[in-house]
Amino acid sequence: MKLLQISVPKGYRMLEKGFSVNLLTKTRVSGGPNPELIELAPGLPYPIETIFLGKNSSGKSTVMDLFGLTLSFLFLGRLPIRVDEIPEEAFSLSVLFYEKGLVYQYRGTFSFRGNPERQYPLILEESLEKTTWKKHYKKDLSNLGFARVSSFLPNIGGDTSNLAKMFADEPRLFYADFKEAPRLLPSLMGQIEDLYGLEALDALLHLFDDSIASIRPAYERGKMIGYAFQRAGSCPVVMDYSALARILSQGTLRGILLFGMSMVAFRLGGQVLVDEIERHFNRNLVEDLMGLYADPEVNKAHATIIYTTHYAELLDHGERCDNVNVLHREGNLITLKNLNDYGIRTDLLKSNQFNQNAFDTLANFERSEALREAIAR
């Protein structure tokens with residue numbers, strides 16, 4: 001399954017009403033293999049990476065959360081959203097996704113109305129439609145003709161959609177959330193060992209800290225009791241996660257999480273989400289990861305990655321512009337514009353145009369100067 005478009009007709013947090021993200025290509029695609037794209041179907045190219053840029057507080061994390069809750073809903077059938085995240089009495093969501101030759105359109109309306117103590121909002125109404133993908137469809141998907149899926153039974157009045165039954169055997173969402181590392185790390189290491197073997201797991205560890213001989217989940221009577229941590233030339237020591245986190249740098253832990261999730265996705269498929277991909281990494285490591293996604297010998301299951309970044313230089317490793325989205329916050333509203341809409345010259349480095357503020361994404365000089373003067377006074 002691949003997301004094609006997410007629309008929020010009634011708003012989410014500070015996203016403007018009608019906020020929409022289209023993940024498909026928007027410009028011409030030349031024939032032949034392209035390391036930046038995968039082909040979901042004939043005439044349906046899809047970017048391997050989708051990027052979001054913007055100033056601080058422009059809405060990057062909000063958009064990543066929107067992707068996360070949308071994918072979680074598709075897989076689990078429940079919308080992981082809090083009462084304070086719904087600005088009105090009801091929250092509407094429209095999703096286009098591709099699955100096995102078909103394009104599906106899901107529409108749902110949700111609310112905590114009448115019972116704000118619920119963990120998940122009630123589904124007020126929902127529908128599912130589908131159409132067979134055809135080459136002549138427009139890139140903005142505006143000319144698709146949908147028919148209702150008769151087998152889909154809306155779960156009106158409950159909080160769990162039957163939509164999740166479609167993806168019972170699909171790879172789950174991979175959200176490289178560093179806050180979840182204590183919970184995710186043991187299962188992630190186990191998956192890497194099962195899919196690739198211990199040699200690949202050790203190679204992942206050595207990429208970020210070559211003084212580590214190994215890290216393995218430690219079990220006693222079938223219950224995990226911690227991690228067996230071993231430095232080169234030393235004996236393994238069993239410790240809990242908090243002790244392990246004090247020994248390893250944040251970059252190492254975050255690298256194991258992000259690169260490890262990507263390794264699993266390379267074999268199982270799916271989409272990886274990460275906010276601020278450059279956090280704790282140098283640029284070369286991020287570019288190396290993008291190289292793995294673009295390598296068909298590595299990325300056998302057509303995994304894709306959606307991320308936010310402040311690294312303008314990351315824009316230059318690919319030739320396309322239509323997979324880059326720029327976010328702005330105007331007052332209390334977050335808006336989005338695709339880089340392709342700026343009419344920039346494709347022969348110029350995108351990072352140079354970013355640094356020249358062509359997309360209005362740099363820090364405000366006047367505010368920086370006001371801070372300098374305040375400090376000086």
# chains A, B, ... in the order shown; residues from 1 in each chain; ligands from 1
$ residues_around --residues "A:Ser127" --least-positions-apart "3" --cutoff "10 Å" --atoms "only C-alpha atoms" --output "mmCIF file with C-alpha atoms, in the first residue's frame"
data_model
loop_
_atom_site.group_PDB
_atom_site.id
_atom_site.type_symbol
_atom_site.label_atom_id
_atom_site.label_comp_id
_atom_site.auth_asym_id
_atom_site.auth_seq_id
_atom_site.Cartn_x
_atom_site.Cartn_y
_atom_site.Cartn_z
ATOM 1 C CA SER A 94 -9.862 12.043 3.057
ATOM 2 C CA GLN A 105 -10.583 6.806 -1.765
ATOM 3 C CA TYR A 106 -11.495 6.773 1.906
ATOM 4 C CA ARG A 107 -13.545 9.516 3.558
ATOM 5 C CA GLY A 108 -14.293 9.645 7.250
ATOM 6 C CA THR A 109 -15.642 12.046 9.844
ATOM 7 C CA ARG A 148 -18.452 2.442 -4.026
ATOM 8 C CA VAL A 149 -16.866 -0.659 -2.508
ATOM 9 C CA SER A 150 -19.951 -2.720 -1.719
ATOM 10 C CA PHE A 152 -17.005 -2.237 2.889
ATOM 11 C CA LEU A 153 -19.230 -2.021 5.958
ATOM 12 C CA PRO A 154 -18.998 1.379 7.666
ATOM 13 C CA ASN A 155 -18.602 1.215 11.404
ATOM 14 C CA LEU A 163 -10.702 -0.541 6.795
#
$ residues_around --residues "A:Glu117" --least-positions-apart "3" --cutoff "9 Å" --atoms "only C-alpha atoms" --output "PyMOL selection string"
chain A and resi 83+112+120
$ residues_around --residues "stretch 193-200 of chain A" --least-positions-apart "6" --cutoff "12 Å" --atoms "only C-alpha atoms" --output "list in words"
Pro186, Ser187, His206, Leu207, Ala213, Ser214, Ile215, Arg216, Pro217, Ile256, Phe259, Gly260, Met261, Met263, Val264, Ala265, Phe266, Arg267, Leu268 and Val298 of chain A
$ residues_around --residues "A:Ala218" --least-positions-apart "5" --cutoff "6 Å" --atoms "only C-alpha atoms" --output "VMD selection string"
chain A and resid 224 to 228
$ residues_around --residues "A:Thr25" --least-positions-apart "3" --cutoff "12 Å" --atoms "only C-alpha atoms" --output "number ranges by chain"
A: 4-5, 21-22, 28-30, 36-40, 43-50, 138-141, 320-325, 338-340
$ write_last_selection --atoms "C-alpha atoms" --output "compact mmCIF listing (two decimals), in the first residue's frame"
# COMPACT_ATOMS: atom_id res chain seq x y z
CA LEU A 4 -1.16 8.99 -2.75
CA GLN A 5 -2.89 11.96 -1.13
CA VAL A 21 -0.62 16.72 0.37
CA ASN A 22 -0.23 14.94 -2.99
CA ARG A 28 7.31 14.81 -16.68
CA VAL A 29 9.06 11.51 -16.03
CA SER A 30 11.59 10.38 -18.64
CA GLU A 36 14.45 8.55 -7.52
CA LEU A 37 11.21 6.77 -8.45
CA ILE A 38 9.44 3.46 -8.25
CA GLU A 39 6.63 2.49 -10.61
CA LEU A 40 3.54 1.37 -8.74
CA GLY A 43 2.14 5.34 -15.81
CA LEU A 44 2.10 5.67 -12.03
CA PRO A 45 5.60 6.71 -10.87
CA TYR A 46 6.07 7.33 -7.15
CA PRO A 47 8.92 9.16 -5.37
CA ILE A 48 11.16 7.10 -3.13
CA GLU A 49 11.60 10.09 -0.83
CA THR A 50 9.23 12.93 0.02
CA LYS A 138 -4.00 13.05 -14.41
CA LYS A 139 -1.10 13.47 -12.02
CA ASP A 140 -3.30 15.45 -9.63
CA LEU A 141 -5.83 12.57 -9.66
CA ARG A 320 13.56 16.28 -9.10
CA CYS A 321 11.77 19.19 -7.40
CA ASP A 322 8.25 17.80 -7.19
CA ASN A 323 9.00 15.60 -4.18
CA VAL A 324 9.94 18.64 -2.07
CA ASN A 325 7.22 20.53 -0.17
CA ASN A 338 5.27 22.26 -3.75
CA LEU A 339 8.77 23.30 -4.83
CA ASN A 340 7.77 22.75 -8.44
$ residues_around --residues "A:Lys60" --least-positions-apart "4" --cutoff "9 Å" --atoms "only C-alpha atoms" --output "ChimeraX atom specification"
/A:52-56,64-65,275-276,307-309,326-327
